[in-house]
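Novice: coords-v5.txt is reproduced below (compact mmCIF, C-alpha atoms and all ligand atoms).
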# COMPACT_ATOMS: atom_id res chain seq x y z
CA MET J 1 122.05 122.99 119.27
CA GLU J 2 121.49 119.88 121.27
CA THR J 3 120.63 116.43 119.93
CA ARG J 4 118.84 113.91 122.12
CA ILE J 5 118.07 110.26 121.58
CA ASP J 6 115.12 108.44 123.14
CA GLU J 7 113.61 104.98 122.72
CA ILE J 8 110.01 105.39 121.50
CA ALA J 9 109.18 101.72 120.87
CA ASP J 10 111.02 98.42 121.33
CA ARG J 11 114.56 99.17 120.04
CA ILE J 12 113.30 102.10 118.00
CA PHE J 13 115.05 105.37 118.81
CA ARG J 14 114.14 108.95 117.95
CA ILE J 15 117.11 111.26 117.43
CA SER J 16 115.93 114.85 117.71
CA THR J 17 117.55 118.25 117.19
CA TYR J 18 115.70 121.48 117.85
CA VAL J 19 117.00 124.47 115.86
CA PRO J 20 116.03 127.65 117.74
CA GLU J 21 116.76 129.99 114.80
CA GLY J 22 114.00 128.42 112.76
CA ASP J 23 111.90 127.24 115.72
CA PHE J 24 111.91 123.85 114.00
CA THR J 25 112.77 120.28 114.97
CA PHE J 26 114.48 117.62 112.84
CA ASN J 27 114.13 113.95 113.76
CA GLN J 28 115.83 110.80 112.57
CA PHE J 29 114.95 107.28 113.62
CA LEU J 30 117.10 104.26 114.33
CA VAL J 31 115.57 100.80 114.24
CA ASN J 32 118.24 99.11 116.32
CA ALA J 33 117.41 95.73 114.90
CA ASP J 34 119.75 92.82 114.23
CA GLU J 35 120.38 94.73 111.02
CA PRO J 36 120.22 98.38 112.21
CA LEU J 37 118.25 100.70 109.96
CA LEU J 38 118.33 104.50 109.90
CA PHE J 39 115.30 106.45 108.63
CA HIS J 40 116.48 109.97 107.68
CA THR J 41 120.15 110.86 107.90
CA GLY J 42 119.64 114.53 108.76
CA PHE J 43 121.39 117.44 107.05
CA ARG J 44 125.01 116.93 106.04
CA SER J 45 125.95 119.69 108.49
CA MET J 46 124.23 117.75 111.29
CA PHE J 47 126.13 114.50 110.68
CA PRO J 48 128.41 114.94 113.76
CA LEU J 49 125.41 115.58 116.03
CA VAL J 50 123.33 112.70 114.67
CA SER J 51 126.14 110.15 114.50
CA ASP J 52 127.36 111.01 118.02
CA ALA J 53 123.84 110.45 119.36
CA ILE J 54 123.51 107.12 117.55
CA ALA J 55 126.92 106.03 118.83
CA THR J 56 125.49 106.05 122.36
CA VAL J 57 123.15 103.21 121.29
CA THR J 58 125.05 101.26 118.64
CA PRO J 59 128.40 101.64 116.88
CA VAL J 60 128.02 103.93 113.88
CA ASP J 61 129.66 101.36 111.61
CA SER J 62 127.02 98.77 112.55
CA VAL J 63 124.32 100.60 110.56
CA ARG J 64 123.22 98.26 107.77
CA TRP J 65 120.44 100.20 106.04
CA ILE J 66 120.12 103.89 105.26
CA THR J 67 116.59 104.99 104.38
CA PHE J 68 114.62 108.23 104.11
CA GLY J 69 111.19 109.38 102.98
CA HIS J 70 112.33 111.27 99.88
CA VAL J 71 115.40 113.04 98.56
CA GLU J 72 115.76 116.38 100.37
CA GLY J 73 118.53 117.95 102.46
CA ASP J 74 117.13 117.14 105.88
CA GLU J 75 115.99 113.67 104.83
CA CYS J 76 119.23 112.42 103.28
CA GLY J 77 121.82 115.23 103.22
CA SER J 78 124.46 113.10 104.96
CA MET J 79 123.75 109.90 102.99
CA ASN J 80 127.31 109.72 101.68
CA GLU J 81 128.84 110.55 105.09
CA TRP J 82 126.88 107.56 106.43
CA LEU J 83 128.03 105.33 103.58
CA ALA J 84 131.62 106.26 104.44
CA ALA J 85 131.17 105.79 108.20
CA ALA J 86 129.31 102.48 107.90
CA PRO J 87 131.13 100.32 105.32
CA ASN J 88 128.43 97.61 105.34
CA ALA J 89 125.57 100.07 104.90
CA THR J 90 123.38 100.21 101.81
CA VAL J 91 120.88 102.88 100.90
CA ALA J 92 117.40 101.37 100.43
CA HIS J 93 114.84 103.52 98.66
CA GLY J 94 111.82 103.09 96.42
CA ALA J 95 112.56 101.76 92.95
CA VAL J 96 111.51 104.99 91.22
CA GLY J 97 113.56 107.05 93.66
CA CYS J 98 116.62 104.91 92.99
CA MET J 99 116.12 105.32 89.25
CA VAL J 100 115.58 109.10 89.20
CA GLN J 101 117.68 110.20 92.17
CA VAL J 102 119.73 107.87 94.32
CA ASN J 103 121.58 105.94 91.60
CA GLU J 104 123.25 109.22 90.69
CA LEU J 105 123.59 110.78 94.14
CA ALA J 106 124.84 107.94 96.33
CA ASP J 107 128.48 106.85 96.50
CA ARG J 108 127.40 103.18 96.48
CA ALA J 109 124.61 101.48 94.57
CA PRO J 110 121.27 101.51 96.44
CA ARG J 111 118.83 98.64 96.94
CA PRO J 112 115.57 99.45 95.13
CA LEU J 113 112.46 98.50 97.13
CA GLY J 114 109.24 97.34 95.51
CA ASN J 115 105.91 98.68 96.75
CA GLY J 116 104.85 96.46 99.66
CA GLU J 117 108.25 94.78 99.93
CA VAL J 118 109.26 93.82 103.45
CA MET J 119 112.84 94.17 104.67
CA ASP J 120 113.50 91.44 107.23
CA LEU J 121 115.91 92.96 109.76
CA GLY J 122 115.91 89.87 112.00
CA SER J 123 114.23 91.25 115.11
CA HIS J 124 112.15 93.76 113.13
CA ARG J 125 110.31 93.84 109.80
CA VAL J 126 110.04 97.05 107.79
CA ARG J 127 107.48 97.32 104.98
CA ASN J 128 107.98 99.77 102.14
CA ILE J 129 104.89 101.70 101.05
CA ASP J 130 105.25 103.91 98.00
CA THR J 131 103.39 107.22 98.35
CA PRO J 132 104.33 109.21 95.23
CA HIS J 133 104.04 112.99 95.86
CA VAL J 134 102.78 112.41 99.44
CA PRO J 135 103.82 114.53 101.20
CA HIS J 136 106.00 115.64 98.27
CA GLY J 137 108.44 114.21 95.77
CA TRP J 138 107.94 111.62 93.04
CA ASP J 139 110.15 109.26 95.02
CA ALA J 140 108.18 109.65 98.28
CA HIS J 141 107.54 106.56 100.40
CA VAL J 142 106.97 105.67 104.03
CA LEU J 143 108.14 102.68 106.06
CA PHE J 144 106.00 100.64 108.45
CA GLU J 145 107.72 98.61 111.15
CA GLU J 146 105.42 95.66 111.64
CA THR J 147 106.51 94.26 115.02
CA THR J 148 105.94 97.57 116.88
CA GLY J 149 103.32 99.14 114.58
CA THR J 150 105.54 102.18 114.01
CA LEU J 151 104.84 104.22 110.89
CA PHE J 152 107.77 106.35 109.77
CA CYS J 153 105.58 108.96 108.14
CA GLY J 154 108.26 111.58 107.41
CA ASP J 155 106.93 115.09 106.81
CA LEU J 156 103.27 114.24 107.41
CA PHE J 157 102.00 116.19 110.47
CA THR J 158 104.97 118.59 110.25
CA ALA J 159 104.68 121.18 113.02
CA THR J 160 106.85 124.10 114.08
CA GLY J 161 108.39 124.36 117.54
CA LYS J 162 109.94 122.07 120.13
CA HIS J 163 108.09 118.92 121.11
CA GLU J 164 107.75 116.23 123.71
CA VAL J 165 109.41 112.94 122.77
CA THR J 166 106.01 111.22 122.66
CA THR J 167 102.50 112.55 122.97
CA ASP J 168 98.88 111.52 122.65
CA ALA J 169 97.79 115.16 122.40
CA ASP J 170 96.46 116.57 119.13
CA VAL J 171 98.97 116.57 116.26
CA VAL J 172 96.45 117.42 113.55
CA GLU J 173 95.83 121.10 114.28
CA PRO J 174 99.57 121.89 114.64
CA GLY J 175 100.14 120.01 111.36
CA LEU J 176 97.45 121.91 109.49
CA ALA J 177 98.68 125.22 110.96
CA ALA J 178 102.20 124.57 109.69
CA GLU J 179 100.82 123.56 106.30
CA THR J 180 99.18 126.97 105.95
CA ILE J 181 102.61 128.57 106.64
CA PHE J 182 104.81 126.37 104.46
CA GLY J 183 102.52 124.90 101.81
CA ALA J 184 104.95 121.96 101.77
CA THR J 185 102.48 119.21 100.86
CA ALA J 186 101.70 118.40 97.24
CA LEU J 187 97.90 118.61 97.31
CA THR J 188 96.82 116.47 94.36
CA PRO J 189 93.82 114.21 93.65
CA THR J 190 95.83 111.27 95.02
CA THR J 191 96.90 112.91 98.32
CA VAL J 192 93.79 112.11 100.33
CA PRO J 193 93.27 108.52 99.04
CA THR J 194 96.93 107.78 99.78
CA MET J 195 96.52 109.05 103.34
CA ARG J 196 93.28 107.12 103.86
CA ALA J 197 95.17 103.97 102.84
CA LEU J 198 97.89 104.76 105.41
CA ALA J 199 95.15 105.28 108.00
CA GLY J 200 94.16 101.65 107.40
CA LEU J 201 97.46 100.36 108.76
CA ASP J 202 97.48 99.07 112.32
CA THR J 203 99.71 101.93 113.50
CA ARG J 204 100.50 102.28 117.20
CA THR J 205 103.11 105.05 116.87
CA LEU J 206 103.39 107.74 114.23
CA ALA J 207 107.07 108.70 114.02
CA LEU J 208 106.94 112.33 112.89
CA MET J 209 110.02 113.87 111.31
CA HIS J 210 109.15 117.37 112.52
CA GLY J 211 107.11 116.78 115.65
CA PRO J 212 106.66 114.35 118.53
CA ALA J 213 106.11 110.61 118.24
CA PHE J 214 102.33 110.28 118.40
CA THR J 215 100.93 107.40 120.43
CA GLY J 216 97.21 108.26 120.39
CA ASP J 217 94.61 107.08 117.88
CA CYS J 218 96.81 107.02 114.77
CA ALA J 219 94.09 106.07 112.25
CA LYS J 220 91.86 108.88 113.50
CA ALA J 221 94.72 111.40 113.30
CA MET J 222 95.68 110.34 109.77
CA ASN J 223 92.07 110.59 108.61
CA ALA J 224 91.67 114.00 110.28
CA LEU J 225 94.81 115.30 108.57
CA ALA J 226 93.43 113.94 105.29
CA ASP J 227 90.16 115.78 105.98
CA GLY J 228 92.11 119.01 106.42
CA TYR J 229 94.03 118.48 103.19
CA GLU J 230 90.80 117.64 101.37
CA GLN J 231 89.42 121.01 102.46
CA MET J 232 92.58 122.82 101.37
CA PHE J 233 92.56 121.02 98.02
CA ARG J 234 88.91 122.03 97.45
CA VAL J 235 89.63 125.67 98.33
CA ALA J 236 92.71 125.72 96.09
CA GLY J 237 90.69 124.17 93.26
FE FE D 1 110.38 116.84 102.82
FE FE D 2 111.48 116.80 106.41
For this file, write the structure as structure tokens.

Specialist:
Amino acid sequence: METRIDEIADRIFRISTYVPEGDFTFNQFLVNADEPLLFHTGFRSMFPLVSDAIATVTPVDSVRWITFGHVEGDECGSMNEWLAAAPNATVAHGAVGCMVQVNELADRAPRPLGNGEVMDLGSHRVRNIDTPHVPHGWDAHVLFEETTGTLFCGDLFTATGKHEVTTDADVVEPGLAAETIFGATALTPTTVPTMRALAGLDTRTLALMHGPAFTGDCAKAMNALADGYEQMFRVAG
């Protein structure tokens, strides 16, 4: 397995590992701000790969904030390895997620984020947007980096395979195809309205956890994915 790191927006880096056995890609993101923030830690078993890649950009112990979309092995499996490696780091997660998950799981107390709260990282500003059960998990949330218009949208648009670092090609069809395989998204009456609200953000880059970084028409893509989910929800109903 090989892990690469690429800058996808101003001081925003995509760390990417393709796992051939599963034909699946796992991405983490580093906002290398004055206060560096990590979105997704990766699996615990991938900590050496991910931390070595990040060390080429910033010292591992400079990481100040550890964040992830929801509690799951690939999202936050090495949370405690990161807390040990970066003594000044704090986990920041949605308030509900801290209450029901992270308070118990993390080796240090997390910082609970309110819905809409902005973390001022100096050079960058990251807004917390709670998205309960979208794509899955009561604690689910996304982060929007305001200075670059980067939406860390986690598992939304999850696709199989190996990907370009960035693309403006279609990410909706691959996302819907993978959804029919995995059924990973919680399709509820709030799924589509939540995604339409995300489509209203002024997003210039969609930072996919399992796919490329999408630099095309982000609002259109988010609405098209919502259309697909709406159809699936209707069929399931
Ligand atoms: Fe997930
Ligand atoms: Fe994931």

Novice: Could you please determine the separation between CA of Gly200 in chain J and CA of Leu38 in chain J in Å, to one decimal place?

Specialist: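 Computing the Euclidean distance for CA of Gly200 in chain J and CA of Leu38 in chain J yields 24.5 Å.
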
Novice: I need every residue sitting at most 9 Å from the point (120.8, 101.8, 98.7) (coordinates as in the file, only C-alpha atoms considered), written as a list of chain:residue names.

Specialist: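 Residues with an atom at most 9 Å from (120.8, 101.8, 98.7): J:Trp65, J:Ile66, J:Thr67, J:Ala89, J:Thr90, J:Val91, J:Ala92, J:His93, J:Cys98, J:Val102, J:Asn103, J:Ala106, J:Arg108, J:Ala109, J:Pro110, J:Arg111, J:Pro112.
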
Novice: Limited to C-alpha atoms, could you put the picked residues into a file as a PDB file, in the frame of the given file?

Specialist:
ATOM      1  CA  TRP J  65     120.440 100.200 106.040  1.00  0.00           C
ATOM      2  CA  ILE J  66     120.120 103.890 105.260  1.00  0.00           C
ATOM      3  CA  THR J  67     116.590 104.990 104.380  1.00  0.00           C
ATOM      4  CA  ALA J  89     125.570 100.070 104.900  1.00  0.00           C
ATOM      5  CA  THR J  90     123.380 100.210 101.810  1.00  0.00           C
ATOM      6  CA  VAL J  91     120.880 102.880 100.900  1.00  0.00           C
ATOM      7  CA  ALA J  92     117.400 101.370 100.430  1.00  0.00           C
ATOM      8  CA  HIS J  93     114.840 103.520  98.660  1.00  0.00           C
ATOM      9  CA  CYS J  98     116.620 104.910  92.990  1.00  0.00           C
ATOM     10  CA  VAL J 102     119.730 107.870  94.320  1.00  0.00           C
ATOM     11  CA  ASN J 103     121.580 105.940  91.600  1.00  0.00           C
ATOM     12  CA  ALA J 106     124.840 107.940  96.330  1.00  0.00           C
ATOM     13  CA  ARG J 108     127.400 103.180  96.480  1.00  0.00           C
ATOM     14  CA  ALA J 109     124.610 101.480  94.570  1.00  0.00           C
ATOM     15  CA  PRO J 110     121.270 101.510  96.440  1.00  0.00           C
ATOM     16  CA  ARG J 111     118.830  98.640  96.940  1.00  0.00           C
ATOM     17  CA  PRO J 112     115.570  99.450  95.130  1.00  0.00           C
TER      18      PRO J 112
END

Novice: Using only C-alpha atoms and all ligand atoms, what are the residues with an atom within 8 Å of ligand FE 2 (chain D), set out as a list in words?

Specialist: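 Sorted by chain and then by number, the residues are Phe26, Glu72, Asp74, Glu75, Gly154, Asp155, Thr158, Met209 and His210 of chain J.
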
Novice: Given a cut-off of 12 Å, what residues near ligand FE 1 (chain D) show up using all atoms listed in the file, put as an MDAnalysis selection string?

Specialist: chainID J and resid 26:27 40 42:43 68:77 133:142 153:158 182:186 208:210

Novice: What's around Leu225 in chain J at 9 Å? Count only C-alpha atoms, leave out sequence neighbours fewer than 2 positions away in its own chain, and write the answer as an mmCIF file with C-alpha atoms, keeping the file's coordinate frame.

Specialist:
data_model
loop_
_atom_site.group_PDB
_atom_site.id
_atom_site.type_symbol
_atom_site.label_atom_id
_atom_site.label_comp_id
_atom_site.auth_asym_id
_atom_site.auth_seq_id
_atom_site.Cartn_x
_atom_site.Cartn_y
_atom_site.Cartn_z
ATOM 1 C CA LEU J 156 103.270 114.240 107.410
ATOM 2 C CA PHE J 157 102.000 116.190 110.470
ATOM 3 C CA VAL J 171 98.970 116.570 116.260
ATOM 4 C CA VAL J 172 96.450 117.420 113.550
ATOM 5 C CA GLU J 173 95.830 121.100 114.280
ATOM 6 C CA GLY J 175 100.140 120.010 111.360
ATOM 7 C CA LEU J 176 97.450 121.910 109.490
ATOM 8 C CA VAL J 192 93.790 112.110 100.330
ATOM 9 C CA MET J 195 96.520 109.050 103.340
ATOM 10 C CA LYS J 220 91.860 108.880 113.500
ATOM 11 C CA ALA J 221 94.720 111.400 113.300
ATOM 12 C CA MET J 222 95.680 110.340 109.770
ATOM 13 C CA ASN J 223 92.070 110.590 108.610
ATOM 14 C CA ASP J 227 90.160 115.780 105.980
ATOM 15 C CA GLY J 228 92.110 119.010 106.420
ATOM 16 C CA TYR J 229 94.030 118.480 103.190
ATOM 17 C CA GLU J 230 90.800 117.640 101.370
#

Novice: When you count all atoms listed in the file, which of these residues is closest to Met119 in chain J: J:Glu145, J:Met1, J:Ala213, J:Pro48?

Specialist: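 For Met119 in chain J, the nearest of the given residues is J:Glu145.
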
Novice: Name the closest residue to Thr25 in chain J among the candidates J:Asn128, J:Ser45, J:Asn115, J:Thr160; distances are taken between atoms, counting all atoms listed in the file.

Specialist: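 For Thr25 in chain J, the nearest of the candidates is J:Thr160.
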
Novice: Box for range 218-225 of chain J: with edges along x, y and z, all listed atoms inside and 4 Å added on each side, what are the centre and edge lengths in Å to one decimal, as JSON?

Specialist:
{"center_x": 94.2, "center_y": 110.7, "center_z": 111.7, "size_x": 13.1, "size_y": 17.2, "size_z": 14.2}

Novice: Could you work out how far CA of Ala159 in chain J lies from CA of Ser16 in chain J, giving the answer in Å with one decimal?

Specialist: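 Taking CA of Ser16 in chain J and CA of Ala159 in chain J, their separation equals 13.7 Å.
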
Novice: Quick one: pull the distance between CA of Asp120 in chain J and CA of Ala9 in chain J, Å, one decimal.

Specialist: 17.6 Å

Novice: With all atoms listed in the file as the counted atoms, please give the residues lying no more than 8 Å from Cys218 in chain J, apart from itself and same-chain residues fewer than 3 positions off, as a VMD selection string.

Specialist: chain J and resid 199 203 to 206 214 to 215 221 to 222

Novice: What would the list of residues within 8 Å of (115.2, 110.1, 117.3) (file frame) look like as a compact mmCIF listing (two decimals) with C-alpha atoms, in the coordinates of the input, if all atoms listed in the file are what count?

Specialist:
# COMPACT_ATOMS: atom_id res chain seq x y z
CA ARG J 4 118.84 113.91 122.12
CA ILE J 5 118.07 110.26 121.58
CA ASP J 6 115.12 108.44 123.14
CA GLU J 7 113.61 104.98 122.72
CA PHE J 13 115.05 105.37 118.81
CA ARG J 14 114.14 108.95 117.95
CA ILE J 15 117.11 111.26 117.43
CA SER J 16 115.93 114.85 117.71
CA ASN J 27 114.13 113.95 113.76
CA GLN J 28 115.83 110.80 112.57
CA PHE J 29 114.95 107.28 113.62
CA LEU J 30 117.10 104.26 114.33

Novice: Using all atoms listed in the file, find the one residue out of J:Leu113, J:Met99, J:Leu143, J:Leu201 that sits nearest to Ile129 in chain J.

Specialist: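 Comparing J:Leu113, J:Met99, J:Leu143, J:Leu201 against Ile129 in chain J, the winner is J:Leu143.
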
Novice: Using all atoms listed in the file, which protein or nucleic acid residues come within 10 Å of Arg64 in chain J? Drop anything in the same chain fewer than 4 positions from it, and give the result as a PyMOL selection string.

Specialist: chain J and resi 32-38+60+83+86-92+121
